[in-house]
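Structure below is input-v9.cif: mmCIF, C-alpha atoms.
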```cif
data_coords
loop_
_atom_site.label_atom_id
_atom_site.label_comp_id
_atom_site.auth_asym_id
_atom_site.auth_seq_id
_atom_site.Cartn_x
_atom_site.Cartn_y
_atom_site.Cartn_z
CA MET A 1 195.53 -7.72 -38.45
CA GLU A 2 193.00 -5.83 -40.52
CA GLU A 3 194.56 -2.46 -39.79
CA LYS A 4 197.84 -3.74 -41.14
CA THR A 5 196.33 -4.70 -44.49
CA ILE A 6 194.77 -1.23 -44.91
CA LEU A 7 198.02 0.48 -44.04
CA ASP A 8 200.07 -1.79 -46.28
CA ASP A 9 197.64 -1.27 -49.12
CA LEU A 10 197.74 2.50 -48.65
CA ARG A 11 201.52 2.56 -48.52
CA LYS A 12 201.67 0.45 -51.66
CA THR A 13 199.12 2.57 -53.56
CA PHE A 14 200.40 6.00 -52.50
CA PRO A 15 204.08 5.51 -51.75
CA GLU A 16 205.06 9.16 -51.98
CA LYS A 17 201.93 10.65 -50.40
CA ILE A 18 201.95 8.77 -47.11
CA LEU A 19 204.56 9.96 -44.67
CA GLU A 20 203.84 7.83 -41.67
CA THR A 21 201.49 5.12 -40.50
CA SER A 22 200.83 3.61 -37.13
CA ALA A 23 198.43 1.11 -35.62
CA PHE A 24 198.30 0.99 -31.88
CA PHE A 25 195.56 -1.13 -30.31
CA GLY A 26 193.06 -0.29 -33.03
CA ASP A 27 194.12 3.34 -33.11
CA THR A 28 194.99 3.46 -36.78
CA THR A 29 196.62 6.67 -37.97
CA ILE A 30 198.09 7.83 -41.24
CA VAL A 31 200.04 11.03 -41.78
CA ILE A 32 199.87 12.25 -45.35
CA VAL A 33 201.06 15.15 -47.47
CA LYS A 34 198.56 17.90 -48.18
CA ASP A 35 198.29 17.25 -51.92
CA GLY A 36 197.39 13.61 -51.44
CA LEU A 37 194.26 14.22 -49.39
CA LEU A 38 191.62 13.95 -52.11
CA ASP A 39 193.19 10.91 -53.78
CA ILE A 40 193.60 9.00 -50.54
CA VAL A 41 190.14 9.88 -49.31
CA HIS A 42 188.57 8.80 -52.61
CA PHE A 43 190.46 5.54 -52.32
CA LEU A 44 189.25 4.97 -48.76
CA ARG A 45 185.67 5.89 -49.58
CA LYS A 46 185.37 3.23 -52.25
CA LYS A 47 185.29 -0.54 -51.89
CA PRO A 48 186.81 -2.57 -50.35
CA TYR A 49 187.34 -0.23 -47.39
CA GLU A 50 184.16 1.85 -47.56
CA PHE A 51 184.91 4.54 -45.05
CA ASN A 52 181.50 6.06 -45.66
CA MET A 53 181.21 8.22 -42.57
CA LEU A 54 183.18 11.30 -41.61
CA LEU A 55 183.09 11.33 -37.84
CA ASP A 56 185.01 14.51 -37.22
CA LEU A 57 187.25 16.98 -38.86
CA THR A 58 189.25 19.42 -36.84
CA CYS A 59 192.47 21.34 -36.60
CA VAL A 60 195.24 21.60 -34.03
CA ASP A 61 197.35 24.70 -33.47
CA TYR A 62 200.93 23.79 -32.53
CA ARG A 63 202.10 27.30 -31.84
CA GLY A 64 205.84 27.75 -32.18
CA ARG A 65 206.23 24.74 -34.41
CA SER A 66 206.52 24.83 -38.15
CA PRO A 67 204.25 23.88 -39.84
CA ARG A 68 201.96 25.32 -37.24
CA PHE A 69 198.55 23.88 -38.10
CA GLU A 70 197.65 20.24 -38.46
CA MET A 71 194.34 18.97 -39.81
CA VAL A 72 192.88 15.81 -38.28
CA TYR A 73 190.17 13.73 -39.94
CA HIS A 74 188.39 10.81 -38.32
CA VAL A 75 186.61 8.46 -40.67
CA PHE A 76 184.53 5.39 -39.94
CA SER A 77 183.41 2.41 -41.96
CA LEU A 78 179.86 1.43 -41.09
CA ALA A 79 180.17 -1.92 -42.89
CA ALA A 80 183.45 -3.01 -41.32
CA LYS A 81 183.05 -1.00 -38.09
CA ARG A 82 186.54 0.28 -38.52
CA ARG A 83 188.05 3.67 -37.74
CA LEU A 84 190.91 5.56 -39.28
CA ARG A 85 192.60 8.84 -38.45
CA ILE A 86 194.16 10.96 -41.18
CA LYS A 87 196.53 13.78 -40.29
CA LEU A 88 198.18 16.35 -42.48
CA SER A 89 200.22 19.46 -41.89
CA VAL A 90 199.08 22.76 -43.37
CA PRO A 91 201.95 24.80 -44.81
CA ASP A 92 202.48 28.12 -43.03
CA ASP A 93 202.71 30.25 -46.15
CA ARG A 94 199.33 29.18 -47.49
CA LEU A 95 196.73 28.11 -44.95
CA SER A 96 194.46 26.15 -47.22
CA VAL A 97 193.36 22.56 -47.64
CA ASP A 98 191.16 20.88 -50.25
CA THR A 99 187.53 20.59 -49.24
CA LEU A 100 185.92 17.22 -48.63
CA THR A 101 182.35 18.41 -49.22
CA SER A 102 182.15 16.46 -52.48
CA ILE A 103 182.86 13.22 -50.63
CA TRP A 104 181.10 13.67 -47.30
CA LYS A 105 178.26 16.18 -47.10
CA ASN A 106 178.77 16.85 -43.40
CA ALA A 107 182.25 18.17 -44.10
CA ASP A 108 180.51 21.41 -45.09
CA TRP A 109 179.77 22.67 -41.61
CA LEU A 110 182.80 21.01 -40.02
CA GLU A 111 185.04 22.87 -42.43
CA ARG A 112 183.18 26.09 -41.77
CA GLU A 113 183.84 25.56 -38.07
CA VAL A 114 187.56 25.07 -38.69
CA TYR A 115 187.59 28.16 -40.89
CA ASP A 116 185.82 30.12 -38.17
CA MET A 117 188.00 28.96 -35.30
CA PHE A 118 191.41 28.59 -36.98
CA GLY A 119 191.24 30.59 -40.20
CA ILE A 120 192.13 27.74 -42.52
CA ARG A 121 190.65 28.11 -45.98
CA PHE A 122 189.11 25.17 -47.82
CA GLU A 123 189.63 25.19 -51.56
CA GLY A 124 186.42 24.51 -53.44
CA HIS A 125 184.10 24.84 -50.44
CA PRO A 126 180.60 25.86 -51.60
CA ASP A 127 179.87 28.37 -48.84
CA LEU A 128 182.89 29.22 -46.71
CA ARG A 129 181.47 31.54 -44.05
CA ARG A 130 181.86 31.68 -40.29
CA LEU A 131 179.75 29.10 -38.50
CA PHE A 132 179.72 29.98 -34.81
CA MET A 133 180.93 33.54 -34.51
CA TYR A 134 178.94 36.46 -35.84
CA ASP A 135 179.65 38.78 -38.74
CA GLY A 136 182.15 41.41 -37.78
CA PHE A 137 184.05 39.15 -35.39
CA GLU A 138 187.75 39.71 -35.90
CA GLY A 139 190.33 36.95 -35.62
CA HIS A 140 190.05 33.25 -35.03
CA PRO A 141 189.39 32.49 -31.37
CA LEU A 142 190.79 28.95 -31.14
CA ARG A 143 194.21 30.01 -32.32
CA LYS A 144 196.69 29.96 -29.48
CA ASP A 145 197.65 33.60 -30.06
CA TYR A 146 194.08 34.87 -29.68
CA PRO A 147 194.09 36.93 -26.44
CA LEU A 148 192.37 35.00 -23.63
CA ARG A 149 190.36 37.95 -22.33
CA LYS A 150 189.68 39.69 -25.62
CA ARG A 151 185.95 40.44 -25.95
CA GLN A 152 184.08 41.48 -29.04
CA PRO A 153 180.50 42.09 -27.92
CA LEU A 154 177.83 42.11 -30.58
CA ILE A 155 175.76 44.81 -28.87
CA PRO A 156 177.08 47.61 -26.63
CA LEU A 157 177.43 46.49 -23.01
CA ARG A 158 175.90 48.47 -20.15
CA LYS A 159 179.13 48.91 -18.21
CA MET B 160 148.35 63.65 5.62
CA THR B 161 145.36 61.51 4.69
CA GLY B 162 146.58 61.62 1.09
CA ASN B 163 149.96 60.27 2.13
CA PHE B 164 148.31 57.54 4.16
CA ILE B 165 146.18 56.48 1.22
CA TYR B 166 149.21 56.62 -1.08
CA THR B 167 151.38 54.39 1.10
CA ARG B 168 148.54 51.94 1.75
CA PHE B 169 147.76 51.75 -1.95
CA ASN B 170 151.45 51.30 -2.68
CA TYR B 171 151.57 48.49 -0.13
CA VAL B 172 148.50 46.74 -1.54
CA LEU B 173 149.80 47.08 -5.09
CA GLY B 174 153.17 45.64 -4.03
CA TRP B 175 151.43 42.78 -2.23
CA ALA B 176 149.35 42.02 -5.32
CA ARG B 177 152.31 42.18 -7.63
CA LYS B 178 154.68 40.04 -5.58
CA PHE B 179 152.19 37.18 -5.42
CA SER B 180 151.26 37.19 -9.08
CA LEU B 181 154.60 37.01 -10.86
CA PHE B 182 154.14 35.61 -14.34
CA HIS B 183 157.56 34.42 -15.32
CA TYR B 184 159.23 33.99 -18.67
CA PRO B 185 161.95 31.33 -18.57
CA TYR B 186 164.78 32.22 -20.93
CA VAL B 187 166.40 28.80 -20.68
CA THR B 188 169.62 28.23 -22.58
CA ALA B 189 171.57 25.63 -20.64
CA CYS B 190 171.69 22.93 -17.99
CA CYS B 191 170.28 25.26 -15.30
CA GLY B 192 166.99 24.60 -17.10
CA MET B 193 166.82 21.23 -15.32
CA GLU B 194 166.84 22.96 -11.95
CA TYR B 195 164.33 25.46 -13.24
CA MET B 196 162.04 22.58 -14.23
CA SER B 197 162.24 20.90 -10.86
CA THR B 198 161.62 24.26 -9.19
CA ALA B 199 158.58 24.90 -11.32
CA CYS B 200 157.10 21.41 -11.04
CA ALA B 201 155.36 19.65 -8.20
CA HIS B 202 158.30 18.71 -5.97
CA PHE B 203 159.38 22.23 -5.14
CA ASP B 204 156.32 23.93 -6.56
CA ILE B 205 157.02 27.54 -7.37
CA ASP B 206 153.24 28.03 -7.37
CA ARG B 207 153.28 28.21 -3.58
CA PHE B 208 154.76 31.67 -4.02
CA GLY B 209 152.32 32.81 -6.64
CA ALA B 210 154.79 32.48 -9.50
CA GLY B 211 153.31 29.35 -11.02
CA TRP B 212 152.22 30.80 -14.30
CA THR B 213 154.82 30.34 -16.98
CA ARG B 214 154.08 32.59 -19.90
CA PHE B 215 156.10 31.81 -22.98
CA SER B 216 155.56 35.29 -24.24
CA PRO B 217 157.57 38.22 -22.95
CA ARG B 218 154.62 40.55 -23.47
CA GLN B 219 152.55 38.77 -20.84
CA SER B 220 155.17 38.25 -18.17
CA ASP B 221 156.54 40.26 -15.26
CA LEU B 222 159.59 38.24 -14.34
CA LEU B 223 162.38 37.30 -16.71
CA LEU B 224 164.36 34.28 -15.55
CA VAL B 225 167.67 34.21 -17.39
CA VAL B 226 168.52 30.54 -16.94
CA GLY B 227 171.90 29.51 -18.29
CA THR B 228 174.84 30.72 -20.31
CA ILE B 229 174.30 33.74 -22.52
CA CYS B 230 176.79 33.99 -25.35
CA GLN B 231 177.63 37.16 -27.25
CA LYS B 232 175.72 36.03 -30.30
CA GLN B 233 172.60 35.63 -28.21
CA ALA B 234 172.86 38.95 -26.37
CA PRO B 235 170.70 40.91 -28.87
CA VAL B 236 167.95 38.29 -28.53
CA LEU B 237 167.90 38.55 -24.75
CA LYS B 238 167.89 42.35 -24.98
CA THR B 239 164.91 42.22 -27.37
CA VAL B 240 163.02 39.86 -25.05
CA TYR B 241 163.63 42.22 -22.14
CA ASP B 242 162.55 45.25 -24.14
CA GLN B 243 159.35 43.51 -25.20
CA MET B 244 158.26 42.92 -21.61
CA THR B 245 155.80 45.45 -20.27
CA GLU B 246 156.35 47.40 -17.09
CA PRO B 247 156.54 46.55 -14.28
CA LYS B 248 159.23 43.92 -14.90
CA TRP B 249 161.93 42.20 -12.92
CA VAL B 250 164.88 40.00 -13.82
CA ILE B 251 166.48 37.08 -11.98
CA ALA B 252 169.91 35.91 -13.11
CA PHE B 253 169.68 32.17 -12.52
CA GLY B 254 172.93 30.25 -12.06
CA ALA B 255 176.62 31.08 -12.18
CA CYS B 256 176.75 31.67 -15.94
CA ALA B 257 173.96 34.20 -15.96
CA VAL B 258 175.36 35.90 -12.86
CA SER B 259 178.99 36.24 -13.94
CA GLY B 260 179.74 34.09 -16.96
CA GLY B 261 180.63 31.22 -14.64
CA ILE B 262 183.46 29.01 -15.78
CA TYR B 263 183.28 30.44 -19.28
CA ASP B 264 185.82 33.24 -19.09
CA ASN B 265 186.29 33.32 -22.86
CA TYR B 266 185.58 35.06 -26.14
CA ALA B 267 182.08 33.68 -26.58
CA VAL B 268 180.24 34.24 -23.32
CA VAL B 269 178.76 37.41 -21.82
CA GLN B 270 180.33 37.90 -18.40
CA GLY B 271 177.07 38.26 -16.55
CA VAL B 272 173.71 39.27 -18.01
CA ASP B 273 173.85 42.54 -16.07
CA GLN B 274 176.11 43.71 -18.87
CA ILE B 275 173.06 43.63 -21.14
CA ILE B 276 169.96 44.11 -18.99
CA PRO B 277 169.40 45.29 -15.39
CA VAL B 278 169.17 42.41 -12.89
CA ASP B 279 167.20 42.45 -9.63
CA VAL B 280 168.22 39.19 -7.94
CA TYR B 281 171.29 37.04 -8.53
CA VAL B 282 170.92 33.34 -7.77
CA PRO B 283 174.35 31.69 -7.57
CA GLY B 284 175.16 28.01 -7.99
CA CYS B 285 176.23 25.72 -10.78
CA PRO B 286 173.40 24.90 -11.09
CA PRO B 287 171.55 26.37 -8.08
CA ARG B 288 169.46 24.01 -6.05
CA PRO B 289 165.70 24.57 -6.25
CA GLU B 290 165.73 25.82 -2.65
CA THR B 291 168.21 28.50 -3.67
CA VAL B 292 165.94 29.54 -6.50
CA LEU B 293 162.95 29.76 -4.19
CA ASP B 294 165.06 31.78 -1.75
CA GLY B 295 165.92 34.13 -4.60
CA LEU B 296 162.25 34.39 -5.49
CA ILE B 297 161.35 35.27 -1.90
CA LYS B 298 164.11 37.89 -1.93
CA LEU B 299 162.59 39.34 -5.08
CA GLN B 300 159.15 39.38 -3.45
CA GLU B 301 160.57 41.31 -0.50
CA LYS B 302 162.16 43.73 -2.93
CA ILE B 303 158.91 44.19 -4.85
CA GLN B 304 157.02 44.82 -1.61
CA LYS B 305 159.46 47.54 -0.58
CA GLN B 306 159.57 49.22 -3.98
CA ASP B 307 157.81 52.43 -4.82
CA GLN B 308 155.28 50.93 -7.19
CA ASP B 309 155.22 52.04 -10.76
CA TRP B 310 151.72 53.48 -10.84
CA ARG B 311 151.23 54.63 -14.36
CA TRP B 312 147.72 56.08 -14.39
CA LYS B 313 148.58 58.20 -11.38
CA LYS B 314 151.80 59.44 -12.98
CA ARG B 315 149.98 60.42 -16.14
CA ARG B 316 147.46 62.50 -14.22
CA SER B 317 149.99 64.43 -12.15
#
```
How would this structure read if it were set down as structure tokens?
Amino acid sequence: MEEKTILDDLRKTFPEKILETSAFFGDTTIVIVKDGLLDIVHFLRKKPYEFNMLLDLTCVDYRGRSPRFEMVYHVFSLAAKRRLRIKLSVPDDRLSVDTLTSIWKNADWLEREVYDMFGIRFEGHPDLRRLFMYDGFEGHPLRKDYPLRKRQPLIPLRK
Amino acid sequence: MTGNFIYTRFNYVLGWARKFSLFHYPYVTACCGMEYMSTACAHFDIDRFGAGWTRFSPRQSDLLLVVGTICQKQAPVLKTVYDQMTEPKWVIAFGACAVSGGIYDNYAVVQGVDQIIPVDVYVPGCPPRPETVLDGLIKLQEKIQKQDQDWRWKKRRS
């Protein structure tokens, strides 16, 4: 199995940075520690694996669990047509992760979206501003503790 | 007495002229735009009701069709478009999102465009069928006919 060789190779190269791996019907997932992100991603970006496309980058809010936030990255290899999911937990005391903008350009706006919606900071990001919500918007709306009916209109409403 | 008769007749004629020459401005933001297109094109043919002219300039149009979801970030744009339209002007809220926010009961979406601009006719549906839109248009025409027409040059003189 090809997935197995990637996972074995990763486990061998980064023994202390990879917490968990799984391959389930082509659904290949690795769970890593936060500090290992850049090293592992650099490793995956290069040959022989060539994960040259960042498909998606998002965050999950597990409210009530500690650590509360989990980052999820989906990467794809155009040459090998292979996918890989990378997960890492964000420590509660410092909500920040290293940016991937130096590796994949499209991480720029994806990370801005995560910053906007979840309030996670990206260390080294060139332009960390809100992406979807407007200036003056308070809070991060995709967090589970954001009030469901809270409204912050940009212009005064008529009634 | 004769003056009143002339006034009401003139009002009627002006209303008749206005209701059959609605130049509309489609403010299309979402999937309701598909239904707007089929309403405006040959199958359902909004031109039968004199509203065939689509002006993509708010300054030249009488009828603002708010077609689709309006989010909070977009509210100032819609307000500006409405303010740029010259009198007389009317607004149709087209589809569930424009009427009430629709399924989007959340932080991002305006819960009905009547929170931003005054609305004359609400057309429900997700999206509304073209027949529903035409029904709404006819309702608006009835409303225009019954209105006391905004008759600027007369108001200025009096």
Q) Care to translate the PyMOL selection byres ((chain B) within 10 of (chain A)) into actual residues of this file, as a PyMOL selection string? A) chain B and resi 230-235+238+264-270+272-277
Q: Decode the PyMOL selection byres ((chain A and resi 75) around 10) for the given file into explicit residues and return them as a list of chain:residue names.
A: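 That selection, the PyMOL selection byres ((chain A and resi 75) around 10), comes back as A:Val41, A:Leu44, A:Arg45, A:Glu50, A:Phe51, A:Asn52, A:Met53, A:Leu54, A:Leu55, A:Asp56, A:Leu57, A:Val72, A:Tyr73, A:His74, A:Phe76, A:Ser77, A:Leu78, A:Arg82, A:Arg83, A:Leu84, A:Arg85, A:Ile86.
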For the residues in that selection, give me C-alpha atoms as an mmCIF file, in the coordinates of the input.
```
data_model
loop_
_atom_site.group_PDB
_atom_site.id
_atom_site.type_symbol
_atom_site.label_atom_id
_atom_site.label_comp_id
_atom_site.auth_asym_id
_atom_site.auth_seq_id
_atom_site.Cartn_x
_atom_site.Cartn_y
_atom_site.Cartn_z
ATOM 1 C CA VAL A 41 190.140 9.880 -49.310
ATOM 2 C CA LEU A 44 189.250 4.970 -48.760
ATOM 3 C CA ARG A 45 185.670 5.890 -49.580
ATOM 4 C CA GLU A 50 184.160 1.850 -47.560
ATOM 5 C CA PHE A 51 184.910 4.540 -45.050
ATOM 6 C CA ASN A 52 181.500 6.060 -45.660
ATOM 7 C CA MET A 53 181.210 8.220 -42.570
ATOM 8 C CA LEU A 54 183.180 11.300 -41.610
ATOM 9 C CA LEU A 55 183.090 11.330 -37.840
ATOM 10 C CA ASP A 56 185.010 14.510 -37.220
ATOM 11 C CA LEU A 57 187.250 16.980 -38.860
ATOM 12 C CA VAL A 72 192.880 15.810 -38.280
ATOM 13 C CA TYR A 73 190.170 13.730 -39.940
ATOM 14 C CA HIS A 74 188.390 10.810 -38.320
ATOM 15 C CA PHE A 76 184.530 5.390 -39.940
ATOM 16 C CA SER A 77 183.410 2.410 -41.960
ATOM 17 C CA LEU A 78 179.860 1.430 -41.090
ATOM 18 C CA ARG A 82 186.540 0.280 -38.520
ATOM 19 C CA ARG A 83 188.050 3.670 -37.740
ATOM 20 C CA LEU A 84 190.910 5.560 -39.280
ATOM 21 C CA ARG A 85 192.600 8.840 -38.450
ATOM 22 C CA ILE A 86 194.160 10.960 -41.180
#
```
Q) With distances taken over only C-alpha atoms, which of A:Val114, A:Tyr49, A:Phe43, A:Ile103 is nearest to Glu70 (chain A)? A) A:Val114
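When all atoms listed in the file are used to compute distances to Gly119 (chain A), the closest of the residues A:Ser102, A:Leu88, A:Val97, A:Gly136 turns out to be A:Val97.
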Q: Grab the CA of Trp175 (chain B) to CA of Glu246 (chain B) distance for me, in Å with one decimal place.
A: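 Between CA of Trp175 (chain B) and CA of Glu246 (chain B) the gap works out to 16.3 Å.
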Q. Could you state the separation of CA of Leu222 (chain B) and CA of Pro286 (chain B) in Å, given to one decimal place?
A.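 Value for the CA of Leu222 (chain B)-CA of Pro286 (chain B) distance: 19.5 Å.
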Q) Can you find the residues with an atom no farther than 10 Å from (197.8, 25.7, -44.8), counting all atoms listed in the file, and report them as a list in words? A)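 These residues have at least one counted atom within 10 Å: Lys34, Pro67, Arg68, Phe69, Glu70, Met71, Leu88, Ser89, Val90, Pro91, Asp92, Asp93, Arg94, Leu95, Ser96, Val97, Asp98, Gly119, Ile120, Arg121 and Phe122 of chain A.
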Q) What is the CA of Phe203 (chain B) to CA of Thr291 (chain B) distance in Å? A)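 Those two atoms sit 10.9 Å apart.
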Q: For Leu224 (chain B), please output as a PyMOL selection string all residues within 7 Å (counting only C-alpha atoms; exclusion window: fewer than 4 positions along the same chain).
A: chain B and resi 183-186+250-253
**Q.** Selection near Gly124 (chain A), 9 Å with all atoms listed in the file, sequence-local residues under 6 positions removed, as a count of residues only
**A.** 4
Q: Run the PyMOL selection byres ((chain A and resi 36) around 12) on the file and write out the hits as a ChimeraX atom specification.
A: /A:10,13-19,30-35,37-43,86-89,97-98
(Q) Which residues are close to His140 (chain A), i.e. within 9 Å by all atoms listed in the file, leaving aside same-chain residues fewer than 3 positions away? Reply as a VMD selection string. (A) chain A and resid 115 to 119 137 143 146
(Q) Which residues are near Ser22 (chain A)? Cut-off 9 Å, all atoms listed in the file, ignore same chain within fewer than 4 positions. Put them as a PyMOL selection string. (A) chain A and resi 4+7+27-31
With C-alpha atoms retained, write the just-selected residues as an mmCIF file, in the coordinates of the input.
```cif
data_model
loop_
_atom_site.group_PDB
_atom_site.id
_atom_site.type_symbol
_atom_site.label_atom_id
_atom_site.label_comp_id
_atom_site.auth_asym_id
_atom_site.auth_seq_id
_atom_site.Cartn_x
_atom_site.Cartn_y
_atom_site.Cartn_z
ATOM 1 C CA LYS A 4 197.840 -3.740 -41.140
ATOM 2 C CA LEU A 7 198.020 0.480 -44.040
ATOM 3 C CA ASP A 27 194.120 3.340 -33.110
ATOM 4 C CA THR A 28 194.990 3.460 -36.780
ATOM 5 C CA THR A 29 196.620 6.670 -37.970
ATOM 6 C CA ILE A 30 198.090 7.830 -41.240
ATOM 7 C CA VAL A 31 200.040 11.030 -41.780
#
```
Q) Hey, what's within 9 Å of region 161-173 of chain B if we count only C-alpha atoms and toss same-chain stuff fewer than 6 positions away? As a ChimeraX atom specification, please? A) /B:304-310
Expected file: the selected residues, C-alpha atoms, as a PDB file, in the frame of the given file:
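Result file is again-v3.pdb:
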```pdb
ATOM      1  CA  GLN B 304     157.020  44.820  -1.610  1.00  0.00           C
ATOM      2  CA  LYS B 305     159.460  47.540  -0.580  1.00  0.00           C
ATOM      3  CA  GLN B 306     159.570  49.220  -3.980  1.00  0.00           C
ATOM      4  CA  ASP B 307     157.810  52.430  -4.820  1.00  0.00           C
ATOM      5  CA  GLN B 308     155.280  50.930  -7.190  1.00  0.00           C
ATOM      6  CA  ASP B 309     155.220  52.040 -10.760  1.00  0.00           C
ATOM      7  CA  TRP B 310     151.720  53.480 -10.840  1.00  0.00           C
TER       8      TRP B 310
END
```
